[in-house]
>>> print(open('model_34.cif').read())   # mmCIF, C-alpha atoms and all ligand atoms
data_coords
#
loop_
_atom_site.label_atom_id
_atom_site.label_comp_id
_atom_site.auth_asym_id
_atom_site.auth_seq_id
_atom_site.Cartn_x
_atom_site.Cartn_y
_atom_site.Cartn_z
CA MET A 1086 6.18 -11.73 -23.78
CA LYS A 1087 5.27 -12.01 -20.11
CA THR A 1088 3.07 -9.16 -18.89
CA ILE A 1089 4.00 -7.89 -15.40
CA ILE A 1090 1.29 -6.26 -13.24
CA SER A 1091 2.86 -4.10 -10.53
CA THR A 1092 2.64 -0.79 -8.64
CA ASP A 1093 6.34 -0.09 -9.27
CA ILE A 1094 6.66 3.29 -11.02
CA GLU A 1095 10.39 2.83 -11.65
CA GLN A 1096 9.73 -0.30 -13.66
CA ALA A 1097 7.07 1.55 -15.70
CA LYS A 1098 9.63 4.31 -16.35
CA TYR A 1099 12.26 1.74 -17.36
CA PHE A 1100 10.00 0.31 -20.09
CA LEU A 1101 8.80 3.73 -21.27
CA ASP A 1102 12.39 5.03 -21.52
CA LYS A 1103 13.18 1.99 -23.69
CA GLY A 1104 10.41 2.95 -26.12
CA GLU A 1105 7.99 0.22 -24.99
CA VAL A 1106 4.27 0.72 -24.47
CA VAL A 1107 2.85 0.08 -20.99
CA ALA A 1108 -0.63 0.35 -19.49
CA ILE A 1109 -1.08 3.17 -16.98
CA PRO A 1110 -3.97 3.98 -14.64
CA THR A 1111 -5.93 7.21 -14.94
CA GLU A 1112 -9.08 8.34 -13.16
CA THR A 1113 -11.12 7.65 -16.35
CA VAL A 1114 -9.88 4.39 -17.90
CA TYR A 1115 -6.48 2.67 -18.25
CA GLY A 1116 -4.29 4.10 -21.02
CA LEU A 1117 -1.84 2.36 -23.35
CA ALA A 1118 1.09 4.73 -22.93
CA GLY A 1119 4.24 5.38 -24.89
CA ASN A 1120 6.77 8.16 -25.57
CA ALA A 1121 4.78 10.78 -27.52
CA LEU A 1122 7.99 12.04 -29.16
CA SER A 1123 9.07 8.70 -30.62
CA ASP A 1124 7.49 7.77 -33.96
CA SER A 1125 8.42 4.11 -33.61
CA THR A 1126 6.75 3.94 -30.18
CA LEU A 1127 3.66 5.71 -31.52
CA LEU A 1128 3.37 3.14 -34.30
CA LYS A 1129 3.69 0.41 -31.66
CA ILE A 1130 0.70 1.88 -29.79
CA TYR A 1131 -1.49 1.75 -32.92
CA LYS A 1132 -0.31 -1.76 -33.72
CA THR A 1133 -0.81 -3.12 -30.19
CA LYS A 1134 -4.46 -2.11 -30.10
CA ASN A 1135 -5.18 -2.73 -33.83
CA ARG A 1136 -6.16 0.89 -34.07
CA PRO A 1137 -6.61 2.48 -37.50
CA SER A 1138 -4.07 5.21 -38.22
CA PHE A 1139 -6.78 7.86 -38.80
CA ASP A 1140 -7.84 7.77 -35.12
CA PRO A 1141 -5.55 10.21 -33.23
CA LEU A 1142 -4.05 9.90 -29.74
CA ILE A 1143 -4.29 12.04 -26.58
CA VAL A 1144 -1.00 13.30 -25.10
CA HIS A 1145 -0.76 13.23 -21.30
CA PHE A 1146 1.13 15.71 -19.10
CA ASP A 1147 1.56 16.22 -15.36
CA SER A 1148 1.62 20.03 -15.62
CA ILE A 1149 0.27 22.74 -17.91
CA TYR A 1150 3.72 24.41 -17.92
CA LYS A 1151 5.20 21.42 -19.69
CA THR A 1152 2.82 21.86 -22.66
CA GLU A 1153 4.40 25.12 -23.88
CA LYS A 1154 6.89 23.40 -26.20
CA PHE A 1155 4.16 21.34 -27.82
CA VAL A 1156 1.18 23.65 -28.45
CA GLN A 1157 0.73 27.14 -29.81
CA SER A 1158 -1.00 29.73 -27.62
CA ILE A 1159 -3.56 28.49 -25.11
CA PRO A 1160 -6.87 30.43 -25.34
CA GLU A 1161 -7.97 32.15 -22.09
CA ILE A 1162 -11.12 30.04 -21.83
CA ILE A 1163 -9.08 26.83 -22.05
CA LYS A 1164 -6.80 28.15 -19.27
CA LYS A 1165 -9.89 28.80 -17.16
CA LEU A 1166 -11.24 25.32 -17.82
CA ALA A 1167 -7.85 23.84 -16.94
CA GLU A 1168 -7.73 25.78 -13.66
CA ARG A 1169 -11.08 24.34 -12.71
CA PHE A 1170 -11.01 20.79 -14.11
CA SER A 1171 -7.36 19.73 -14.47
CA PRO A 1172 -5.95 17.43 -13.39
CA GLY A 1173 -9.14 15.62 -14.31
CA PRO A 1174 -11.29 14.08 -17.03
CA LEU A 1175 -11.14 16.93 -19.55
CA THR A 1176 -9.10 16.89 -22.79
CA TYR A 1177 -8.25 20.02 -24.80
CA LEU A 1178 -7.71 20.19 -28.55
CA LEU A 1179 -5.03 22.83 -29.21
CA ASN A 1180 -3.04 23.86 -32.29
CA LYS A 1181 0.09 21.75 -32.27
CA ARG A 1182 3.69 22.73 -32.80
CA LYS A 1183 5.93 20.81 -35.22
CA ILE A 1184 7.52 18.71 -32.47
CA ILE A 1185 4.22 16.79 -32.23
CA SER A 1186 4.32 14.19 -34.96
CA ASP A 1187 1.49 13.75 -37.46
CA ILE A 1188 1.29 10.17 -36.21
CA VAL A 1189 -0.09 11.50 -32.90
CA THR A 1190 -2.77 13.65 -34.54
CA SER A 1191 -3.45 11.53 -37.66
CA GLY A 1192 -2.39 14.56 -39.68
CA LEU A 1193 -4.84 16.98 -37.99
CA PRO A 1194 -3.61 20.46 -37.03
CA LYS A 1195 -4.70 20.13 -33.39
CA VAL A 1196 -3.31 17.87 -30.70
CA ALA A 1197 -5.39 16.50 -27.82
CA ILE A 1198 -3.81 17.13 -24.40
CA ARG A 1199 -4.90 15.98 -20.99
CA PHE A 1200 -3.75 16.07 -17.35
CA PRO A 1201 -4.86 12.80 -15.80
CA ASN A 1202 -5.72 12.71 -12.11
CA HIS A 1203 -4.21 9.55 -10.72
CA PRO A 1204 -1.43 9.75 -8.11
CA LEU A 1205 0.72 6.95 -9.57
CA THR A 1206 0.51 8.31 -13.09
CA ILE A 1207 1.14 11.92 -12.04
CA LYS A 1208 4.26 10.72 -10.25
CA LEU A 1209 5.35 8.63 -13.23
CA LEU A 1210 4.85 11.55 -15.66
CA SER A 1211 6.88 13.84 -13.41
CA THR A 1212 9.90 11.51 -13.71
CA LEU A 1213 9.82 11.25 -17.52
CA ASP A 1214 11.65 13.49 -20.01
CA PHE A 1215 8.75 13.27 -22.47
CA PRO A 1216 4.93 13.37 -22.42
CA VAL A 1217 3.10 10.11 -23.12
CA ALA A 1218 0.56 9.43 -25.83
CA ALA A 1219 -2.14 7.09 -24.56
CA PRO A 1220 -5.36 5.79 -26.05
CA SER A 1221 -7.60 3.64 -23.85
CA ALA A 1222 -5.84 0.32 -23.20
CA ASN A 1223 -8.37 -1.91 -24.96
CA LEU A 1224 -8.26 -3.55 -28.37
CA PHE A 1225 -9.86 -1.32 -31.00
CA GLY A 1226 -13.64 -1.35 -30.79
CA LYS A 1227 -13.77 -3.22 -27.46
CA VAL A 1228 -14.89 -2.09 -24.02
CA SER A 1229 -12.42 0.26 -22.27
CA PRO A 1230 -10.58 -1.14 -19.23
CA THR A 1231 -11.25 0.24 -15.75
CA SER A 1232 -9.03 -2.20 -13.84
CA PRO A 1233 -5.62 -3.84 -14.39
CA GLN A 1234 -7.43 -7.18 -14.88
CA HIS A 1235 -9.46 -5.74 -17.78
CA VAL A 1236 -6.21 -4.67 -19.46
CA TYR A 1237 -4.65 -8.08 -18.82
CA GLU A 1238 -7.59 -9.92 -20.41
CA GLN A 1239 -7.19 -8.00 -23.68
CA LEU A 1240 -3.45 -7.32 -23.87
CA ASN A 1241 -1.73 -10.14 -21.98
CA GLY A 1242 1.43 -11.09 -23.87
CA LYS A 1243 1.29 -7.99 -26.08
CA ILE A 1244 2.76 -5.46 -23.60
CA PRO A 1245 5.51 -5.90 -21.00
CA PHE A 1246 3.94 -3.99 -18.11
CA ILE A 1247 0.69 -2.84 -16.48
CA LEU A 1248 1.05 -0.19 -13.76
CA ASP A 1249 -1.49 -1.26 -11.15
CA GLY A 1250 -3.43 1.73 -9.85
CA GLY A 1251 -6.55 -0.18 -8.83
CA LYS A 1252 -10.02 0.53 -10.18
CA CYS A 1253 -10.61 3.80 -12.03
CA ASN A 1254 -12.51 6.40 -10.02
CA VAL A 1255 -14.45 8.16 -12.79
CA GLY A 1256 -14.78 5.11 -15.02
CA ILE A 1257 -15.71 6.82 -18.29
CA GLU A 1258 -13.34 8.53 -20.75
CA SER A 1259 -12.53 12.23 -20.65
CA THR A 1260 -14.72 14.93 -22.18
CA ILE A 1261 -12.99 16.44 -25.24
CA VAL A 1262 -13.29 20.18 -25.95
CA SER A 1263 -11.94 22.73 -28.40
CA TRP A 1264 -12.31 26.47 -28.77
CA GLU A 1265 -13.42 27.80 -32.13
CA LYS A 1266 -14.75 31.26 -33.04
CA ASP A 1267 -16.12 32.08 -29.57
CA ASN A 1268 -17.71 28.66 -29.19
CA LEU A 1269 -16.67 25.88 -26.91
CA ILE A 1270 -17.11 22.70 -28.92
CA ILE A 1271 -17.65 19.41 -27.12
CA HIS A 1272 -16.28 16.62 -29.33
CA ARG A 1273 -16.85 13.74 -26.94
CA LEU A 1274 -19.12 13.54 -23.90
CA GLY A 1275 -17.21 12.22 -20.90
CA GLY A 1276 -16.16 12.50 -17.28
CA VAL A 1277 -16.78 16.27 -16.95
CA SER A 1278 -20.49 16.96 -17.47
CA VAL A 1279 -21.90 19.49 -19.92
CA GLU A 1280 -23.64 21.21 -16.97
CA ASP A 1281 -20.30 21.74 -15.20
CA ILE A 1282 -18.70 23.19 -18.33
CA ILE A 1283 -21.65 25.56 -18.87
CA THR A 1284 -21.08 27.10 -15.42
CA LEU A 1285 -17.77 28.45 -16.80
CA TYR A 1286 -18.83 29.28 -20.34
CA PRO A 1287 -22.40 29.17 -21.67
CA LYS A 1288 -21.83 29.17 -25.44
CA ILE A 1289 -21.23 25.51 -26.11
CA LYS A 1290 -21.90 23.30 -29.07
CA ILE A 1291 -22.04 19.54 -28.82
CA ILE A 1292 -20.90 17.89 -32.05
CA SER A 1293 -23.32 15.16 -32.99
CA ASN A 1294 -21.45 11.91 -33.35
CA LYS A 1295 -23.96 9.91 -35.34
CA ASN A 1296 -21.86 10.41 -38.42
CA GLN A 1297 -18.14 10.24 -38.57
CA GLU A 1298 -16.97 13.83 -38.35
CA PRO A 1299 -13.67 14.57 -40.04
CA ASP A 1300 -12.43 16.33 -36.89
CA SER A 1301 -13.43 13.64 -34.40
CA PRO A 1302 -12.51 10.39 -36.06
CA GLY A 1303 -12.66 8.42 -32.82
CA GLN A 1304 -16.42 8.51 -32.76
CA LEU A 1305 -16.77 5.35 -34.81
CA LYS A 1306 -19.86 3.19 -34.52
CA SER A 1307 -18.09 -0.01 -33.51
CA HIS A 1308 -16.72 1.50 -30.28
CA TYR A 1309 -17.07 -0.09 -26.85
CA ALA A 1310 -18.64 -3.33 -28.12
CA THR A 1311 -19.17 -6.37 -25.92
CA LYS A 1312 -18.80 -9.85 -27.49
CA THR A 1313 -22.38 -10.54 -26.40
CA PRO A 1314 -24.94 -8.56 -28.46
CA LEU A 1315 -26.12 -5.56 -26.45
CA PHE A 1316 -29.51 -3.89 -26.95
CA PHE A 1317 -30.04 -0.39 -25.64
CA ASP A 1318 -32.83 1.93 -24.52
CA ASN A 1319 -36.34 0.81 -23.54
CA VAL A 1320 -36.15 -2.51 -21.65
CA GLU A 1321 -39.84 -3.41 -22.01
CA GLU A 1322 -39.86 -2.77 -25.76
CA ILE A 1323 -36.75 -4.89 -26.27
CA LEU A 1324 -38.24 -7.72 -24.19
CA LEU A 1325 -41.39 -7.69 -26.34
CA LYS A 1326 -39.33 -8.30 -29.46
CA ARG A 1327 -36.77 -10.76 -28.06
CA LYS A 1328 -37.58 -13.81 -25.98
CA SER A 1329 -35.01 -15.57 -23.82
CA LYS A 1330 -34.55 -16.61 -20.20
CA ASN A 1331 -30.82 -16.05 -20.47
CA ILE A 1332 -30.52 -12.26 -20.49
CA GLY A 1333 -28.19 -9.89 -18.64
CA LEU A 1334 -29.33 -6.41 -17.70
CA ILE A 1335 -27.56 -3.12 -17.00
CA ALA A 1336 -29.89 -0.73 -15.18
CA PHE A 1337 -29.60 2.54 -13.29
CA ASN A 1338 -31.19 2.30 -9.84
CA LYS A 1339 -33.80 -0.47 -9.76
CA LYS A 1340 -34.32 -4.04 -10.85
CA HIS A 1341 -36.75 -5.11 -13.57
CA THR A 1342 -39.18 -7.86 -12.55
CA ALA A 1343 -39.12 -9.56 -15.98
CA ILE A 1344 -35.42 -10.53 -15.68
CA LYS A 1345 -33.76 -12.90 -13.20
CA SER A 1346 -32.52 -10.91 -10.25
CA GLU A 1347 -29.01 -12.40 -10.28
CA ASN A 1348 -28.56 -11.43 -13.95
CA GLN A 1349 -28.98 -7.72 -13.26
CA CYS A 1350 -26.26 -5.11 -12.65
CA ILE A 1351 -27.81 -2.13 -10.87
CA LEU A 1352 -25.19 0.57 -11.28
CA SER A 1353 -26.36 2.88 -8.49
CA PRO A 1354 -29.19 1.89 -6.12
CA GLU A 1355 -28.92 5.42 -4.65
CA GLY A 1356 -29.48 6.97 -8.08
CA SER A 1357 -26.08 8.65 -8.50
CA LEU A 1358 -25.03 9.06 -12.15
CA ASP A 1359 -21.40 9.53 -11.05
CA GLU A 1360 -21.47 6.14 -9.34
CA ALA A 1361 -23.19 4.61 -12.39
CA ALA A 1362 -20.47 5.97 -14.73
CA LYS A 1363 -17.79 4.54 -12.47
CA LYS A 1364 -19.32 1.06 -12.70
CA LEU A 1365 -20.53 1.09 -16.32
CA PHE A 1366 -17.57 -0.53 -18.13
CA HIS A 1367 -17.04 -2.86 -15.20
CA SER A 1368 -20.60 -4.17 -15.57
CA MET A 1369 -20.15 -4.58 -19.34
CA HIS A 1370 -16.97 -6.62 -18.83
CA GLU A 1371 -18.63 -8.72 -16.13
CA LEU A 1372 -21.88 -9.51 -17.97
CA ASP A 1373 -19.92 -10.22 -21.16
CA GLU A 1374 -18.20 -13.18 -19.43
CA ARG A 1375 -21.42 -14.85 -18.34
CA GLY A 1376 -22.55 -16.36 -21.64
CA PHE A 1377 -25.90 -14.58 -21.96
CA ASP A 1378 -27.86 -14.75 -25.23
CA PHE A 1379 -27.85 -10.97 -25.11
CA ILE A 1380 -27.46 -8.01 -22.76
CA ILE A 1381 -30.02 -5.24 -22.38
CA ALA A 1382 -28.99 -1.79 -21.12
CA GLU A 1383 -31.65 0.69 -20.15
CA LYS A 1384 -31.49 4.34 -21.07
CA PHE A 1385 -30.10 6.50 -18.24
CA PRO A 1386 -31.37 9.99 -17.33
CA ASP A 1387 -30.01 12.34 -19.99
CA ASN A 1388 -28.22 14.77 -17.66
CA GLY A 1389 -24.87 14.95 -15.84
CA LEU A 1390 -22.74 11.90 -16.60
CA GLY A 1391 -25.91 10.14 -17.80
CA ARG A 1392 -25.33 11.70 -21.23
CA ALA A 1393 -21.88 10.12 -21.54
CA ILE A 1394 -23.26 6.79 -20.26
CA ASN A 1395 -26.01 6.83 -22.92
CA ASP A 1396 -23.48 7.78 -25.59
CA ARG A 1397 -21.29 4.76 -24.73
CA LEU A 1398 -24.23 2.34 -24.50
CA LYS A 1399 -25.60 3.51 -27.82
CA LYS A 1400 -22.21 2.96 -29.48
CA ALA A 1401 -21.93 -0.49 -27.86
CA SER A 1402 -25.39 -1.56 -28.97
CA VAL A 1403 -26.42 -3.57 -32.03
CA ASN A 1404 -29.79 -1.81 -32.41
CA PHE A 1405 -28.55 1.74 -33.10
O1 LIG B 1 -10.02 9.46 -20.64
C1 LIG B 1 -9.41 9.39 -21.70
O2 LIG B 1 -9.43 10.31 -22.54
C2 LIG B 1 -8.57 8.13 -21.95
C3 LIG B 1 -7.40 8.10 -20.96
C4 LIG B 1 -6.47 6.93 -21.19
O3 LIG B 1 -6.73 9.31 -21.01
N1 LIG B 1 -8.10 8.10 -23.30
C5 LIG B 1 -8.90 7.86 -24.36
O4 LIG B 1 -8.23 7.76 -25.55
O5 LIG B 1 -10.11 7.71 -24.25
P1 LIG B 1 -8.87 7.15 -26.87
O6 LIG B 1 -7.75 7.14 -27.82
O7 LIG B 1 -9.51 5.88 -26.57
O8 LIG B 1 -9.90 8.23 -27.32
C6 LIG B 1 -9.42 9.52 -27.65
C7 LIG B 1 -10.22 10.16 -28.73
C8 LIG B 1 -9.94 9.66 -30.12
O9 LIG B 1 -10.71 8.56 -30.46
C9 LIG B 1 -10.26 10.88 -30.98
O10 LIG B 1 -11.61 10.90 -31.34
C10 LIG B 1 -10.03 12.02 -30.06
O11 LIG B 1 -9.78 11.51 -28.79
N2 LIG B 1 -8.88 12.79 -30.49
C11 LIG B 1 -7.60 12.60 -30.16
N3 LIG B 1 -6.81 13.49 -30.78
C12 LIG B 1 -7.62 14.25 -31.52
C13 LIG B 1 -7.39 15.34 -32.40
N4 LIG B 1 -6.17 15.81 -32.62
N5 LIG B 1 -8.46 15.89 -33.00
C14 LIG B 1 -9.71 15.40 -32.78
N6 LIG B 1 -10.00 14.38 -31.97
C15 LIG B 1 -8.96 13.80 -31.35
MG MG B 2 -10.89 4.42 -26.61
#
>>> encode(input="model_34.cif", output="structure tokens")
Amino acid sequence: MKTIISTDIEQAKYFLDKGEVVAIPTETVYGLAGNALSDSTLLKIYKTKNRPSFDPLIVHFDSIYKTEKFVQSIPEIIKKLAERFSPGPLTYLLNKRKIISDIVTSGLPKVAIRFPNHPLTIKLLSTLDFPVAAPSANLFGKVSPTSPQHVYEQLNGKIPFILDGGKCNVGIESTIVSWEKDNLIIHRLGGVSVEDIITLYPKIKIISNKNQEPDSPGQLKSHYATKTPLFFDNVEEILLKRKSKNIGLIAFNKKHTAIKSENQCILSPEGSLDEAAKKLFHSMHELDERGFDFIIAEKFPDNGLGRAINDRLKKASVNF
């Protein structure tokens, strides 16, 4: 199969209407999209990315009004969050109605819904008669794609079409929340920071994802891995244990003298965690192609989007 890369929304719609899966841009990462109401298409999504069937999919809409048929009541706090952060990098877990297949939710009672903020995809969704299910458009366990080229490298020949929306603006996956017994539960750290959520509702609980929780099966250890071994946290300590001249580095705002300057990706010289998040996966893809013995990623400040960055780097690393 030849994979077309194009900005043509009508062509994307043509393939989606036929039950095919296509890559679509969002502000977080590219998604591997298909008709969320077609079981055969849903199975194709899992198969295309070699994703285990126990890892559920997020359903994408262009408007909150269109969700009524698919979820039971929407709690007030979720409505408030949606007013503030949607369209945007926040995903809500809500009790599903029967029309949502168990294939979408891996048999769980809640369905994940999200309103992506990318002009091409919003337009595409508005022309479709169905919402689209879309996991990140990478092979299972690999680094998420933040450009059409990243998708092409992993899925060339496996999907007919990539809708080209340029580089992703946020660059890290959505934050996932649910509402349970007066607590806002954060299931995955992501593009909306914990600090921003707290301004709307202070009682939050972040679910630790060290272990595989039954209600957040996507938090598997092997996520986001580069082909090149990646070591995470304290650069000096890692360098003491591992000797090589052929090392790549991912760092926040300044270079490290012990590593060759041209081997270093400084994600934000100005010290912006938002900018760093936007470039994170890009730097992982880039360094992974350069044949280093290993990659070191330093620990980022643990606030704002720094928390989500550290979460991804930890999951990508071989030493955690
Ligand atoms: O930013 C994003 O969320 C991107 C773009 C494409 O929208 N999508 C994305 O999808 O990151 P994916 O499949 O790579 O990660 C979604 C995660 C799953 O791994 C799973 O942990 C969680 O969302 N999830 C989905 N449905 C769920 C459900 N019903 N209950 C609990 N967790 C769920
Ligand atoms: Mg993913």
>>> residues_around(input="model_34.cif", residues="Asn1120 of chain A", least_positions_apart="4", cutoff="9 Å", atoms="all atoms listed in the file", output="list of chain:residue names")
A:Leu1101, A:Asp1102, A:Gly1104, A:Glu1105, A:Val1106, A:Asp1124, A:Thr1126, A:Leu1127, A:Phe1215, A:Pro1216, A:Val1217, A:Ala1218
>>> write_last_selection(input="model_34.cif", atoms="C-alpha atoms", output="PDB file, keeping the file's coordinate frame")
ATOM      1  CA  LEU A1101       8.800   3.730 -21.270  1.00  0.00           C
ATOM      2  CA  ASP A1102      12.390   5.030 -21.520  1.00  0.00           C
ATOM      3  CA  GLY A1104      10.410   2.950 -26.120  1.00  0.00           C
ATOM      4  CA  GLU A1105       7.990   0.220 -24.990  1.00  0.00           C
ATOM      5  CA  VAL A1106       4.270   0.720 -24.470  1.00  0.00           C
ATOM      6  CA  ASP A1124       7.490   7.770 -33.960  1.00  0.00           C
ATOM      7  CA  THR A1126       6.750   3.940 -30.180  1.00  0.00           C
ATOM      8  CA  LEU A1127       3.660   5.710 -31.520  1.00  0.00           C
ATOM      9  CA  PHE A1215       8.750  13.270 -22.470  1.00  0.00           C
ATOM     10  CA  PRO A1216       4.930  13.370 -22.420  1.00  0.00           C
ATOM     11  CA  VAL A1217       3.100  10.110 -23.120  1.00  0.00           C
ATOM     12  CA  ALA A1218       0.560   9.430 -25.830  1.00  0.00           C
TER      13      ALA A1218
END
>>> atom_distance(input="model_34.cif", atom1="atom CA of Ile1380 of chain A", atom2="atom CA of Lys1364 of chain A")
15.8 Å
>>> axis_aligned_box(input="model_34.cif", around="ligand LIG 1 (chain B)", padding_each_side="3 Å", output="JSON")
{"center_x": -8.9, "center_y": 10.9, "center_z": -26.8, "size_x": 11.4, "size_y": 16.0, "size_z": 18.4}
>>> atom_distance(input="model_34.cif", atom1="atom O6 of ligand LIG 1 (chain B)", atom2="atom CA of Ala1108 of chain A")
12.9 Å
>>> residues_near_ligand(input="model_34.cif", ligand="ligand LIG 1 (chain B)", cutoff="8 Å", atoms="all atoms listed in the file", output="count of residues only")
49
>>> closest_residue(input="model_34.cif", among="A:Ala1401, A:Val1255, A:Ile1291, A:Ala1361", to="Leu1315 of chain A", atoms="all atoms listed in the file")
A:Ala1401
>>> atom_distance(input="model_34.cif", atom1="atom CA of Lys1266 of chain A", atom2="atom CA of Tyr1150 of chain A")
24.8 Å
>>> residues_around(input="model_34.cif", residues="Glu1321 of chain A", least_positions_apart="4", cutoff="12 Å", atoms="all atoms listed in the file", output="number ranges by chain")
A: 1316-1317, 1325-1328, 1334, 1341-1344, 1381-1384
>>> residues_around(input="model_34.cif", residues="Glu1280 of chain A", least_positions_apart="3", cutoff="12 Å", atoms="all atoms listed in the file", output="short mmCIF file (atom, residue, chain, number, x, y, z; two decimals) with C-alpha atoms, in the coordinates of the input")
data_model
loop_
_atom_site.label_atom_id
_atom_site.label_comp_id
_atom_site.auth_asym_id
_atom_site.auth_seq_id
_atom_site.Cartn_x
_atom_site.Cartn_y
_atom_site.Cartn_z
CA ILE A 1271 -17.65 19.41 -27.12
CA LEU A 1274 -19.12 13.54 -23.90
CA GLY A 1275 -17.21 12.22 -20.90
CA GLY A 1276 -16.16 12.50 -17.28
CA VAL A 1277 -16.78 16.27 -16.95
CA ILE A 1283 -21.65 25.56 -18.87
CA THR A 1284 -21.08 27.10 -15.42
CA LEU A 1285 -17.77 28.45 -16.80
CA TYR A 1286 -18.83 29.28 -20.34
CA PRO A 1287 -22.40 29.17 -21.67
CA LYS A 1288 -21.83 29.17 -25.44
CA ILE A 1289 -21.23 25.51 -26.11
CA ASP A 1387 -30.01 12.34 -19.99
CA ASN A 1388 -28.22 14.77 -17.66
CA GLY A 1389 -24.87 14.95 -15.84
CA LEU A 1390 -22.74 11.90 -16.60
CA GLY A 1391 -25.91 10.14 -17.80
CA ARG A 1392 -25.33 11.70 -21.23
#
>>> residues_around(input="model_34.cif", residues="Ser1329 of chain A", least_positions_apart="4", cutoff="10 Å", atoms="all atoms listed in the file", output="PyMOL selection string")
chain A and resi 1324+1344+1377-1379
>>> closest_residue(input="model_34.cif", among="A:Ser1171, A:Asn1180, A:Thr1231, A:Ser1148", to="ligand MG 2 (chain B)", atoms="all atoms listed in the file")
A:Thr1231
>>> closest_residue(input="model_34.cif", among="A:Ala1121, A:Val1228, A:Val1156, A:Leu1358", to="ligand MG 2 (chain B)", atoms="only C-alpha atoms and all ligand atoms")
A:Val1228
>>> closest_residue(input="model_34.cif", among="A:Lys1181, A:Lys1134, A:Lys1339, A:Lys1243", to="Ile1089 of chain A", atoms="all atoms listed in the file")
A:Lys1243
>>> closest_residue(input="model_34.cif", among="A:Asn1223, A:Asn1395, A:Ser1346, A:Thr1133", to="ligand MG 2 (chain B)", atoms="all atoms listed in the file")
A:Asn1223
>>> closest_residue(input="model_34.cif", among="A:Ile1394, A:Ala1362, A:Ala1310, A:Ile1335", to="ligand MG 2 (chain B)", atoms="only C-alpha atoms and all ligand atoms")
A:Ala1310
>>> residues_around(input="model_34.cif", residues="Asn1241 of chain A", least_positions_apart="3", cutoff="8 Å", atoms="all atoms listed in the file", output="MDAnalysis selection string")
chainID A and resid 1087:1088 1236:1238 1244
>>> residues_near_point(input="model_34.cif", point="(-27.8, -7.0, -10.0)", cutoff="10 Å", atoms="all atoms listed in the file", output="mmCIF file with C-alpha atoms, keeping the file's coordinate frame")
data_model
loop_
_atom_site.group_PDB
_atom_site.id
_atom_site.type_symbol
_atom_site.label_atom_id
_atom_site.label_comp_id
_atom_site.auth_asym_id
_atom_site.auth_seq_id
_atom_site.Cartn_x
_atom_site.Cartn_y
_atom_site.Cartn_z
ATOM 1 C CA GLY A 1333 -28.190 -9.890 -18.640
ATOM 2 C CA LEU A 1334 -29.330 -6.410 -17.700
ATOM 3 C CA ILE A 1335 -27.560 -3.120 -17.000
ATOM 4 C CA ALA A 1336 -29.890 -0.730 -15.180
ATOM 5 C CA ASN A 1338 -31.190 2.300 -9.840
ATOM 6 C CA LYS A 1339 -33.800 -0.470 -9.760
ATOM 7 C CA LYS A 1340 -34.320 -4.040 -10.850
ATOM 8 C CA HIS A 1341 -36.750 -5.110 -13.570
ATOM 9 C CA LYS A 1345 -33.760 -12.900 -13.200
ATOM 10 C CA SER A 1346 -32.520 -10.910 -10.250
ATOM 11 C CA GLU A 1347 -29.010 -12.400 -10.280
ATOM 12 C CA ASN A 1348 -28.560 -11.430 -13.950
ATOM 13 C CA GLN A 1349 -28.980 -7.720 -13.260
ATOM 14 C CA CYS A 1350 -26.260 -5.110 -12.650
ATOM 15 C CA ILE A 1351 -27.810 -2.130 -10.870
ATOM 16 C CA LEU A 1352 -25.190 0.570 -11.280
ATOM 17 C CA PRO A 1354 -29.190 1.890 -6.120
ATOM 18 C CA SER A 1368 -20.600 -4.170 -15.570
#
>>> build_atoms(input="model_34.cif", residues="segment 1160-1166 of chain A", atoms="N, CA, C and O atoms", output="CSV table (one decimal), in the coordinates of the input")
chain,number,residue,atom,x,y,z
A,1160,PRO,N,-5.8,29.4,-25.5
A,1160,PRO,CA,-6.9,30.4,-25.3
A,1160,PRO,C,-7.2,30.6,-23.9
A,1160,PRO,O,-7.2,29.6,-23.1
A,1161,GLU,N,-7.6,31.8,-23.5
A,1161,GLU,CA,-8.0,32.2,-22.1
A,1161,GLU,C,-9.0,31.2,-21.5
A,1161,GLU,O,-8.9,30.7,-20.4
A,1162,ILE,N,-10.0,30.9,-22.3
A,1162,ILE,CA,-11.1,30.0,-21.8
A,1162,ILE,C,-10.6,28.6,-21.5
A,1162,ILE,O,-11.0,28.0,-20.5
A,1163,ILE,N,-9.6,28.2,-22.3
A,1163,ILE,CA,-9.1,26.8,-22.0
A,1163,ILE,C,-8.3,26.9,-20.7
A,1163,ILE,O,-8.3,26.0,-19.9
A,1164,LYS,N,-7.6,28.0,-20.5
A,1164,LYS,CA,-6.8,28.2,-19.3
A,1164,LYS,C,-7.8,28.1,-18.1
A,1164,LYS,O,-7.5,27.5,-17.1
A,1165,LYS,N,-8.9,28.8,-18.2
A,1165,LYS,CA,-9.9,28.8,-17.2
A,1165,LYS,C,-10.4,27.4,-16.9
A,1165,LYS,O,-10.6,27.0,-15.7
A,1166,LEU,N,-10.7,26.7,-18.0
A,1166,LEU,CA,-11.2,25.3,-17.8
A,1166,LEU,C,-10.2,24.4,-17.1
A,1166,LEU,O,-10.5,23.7,-16.2
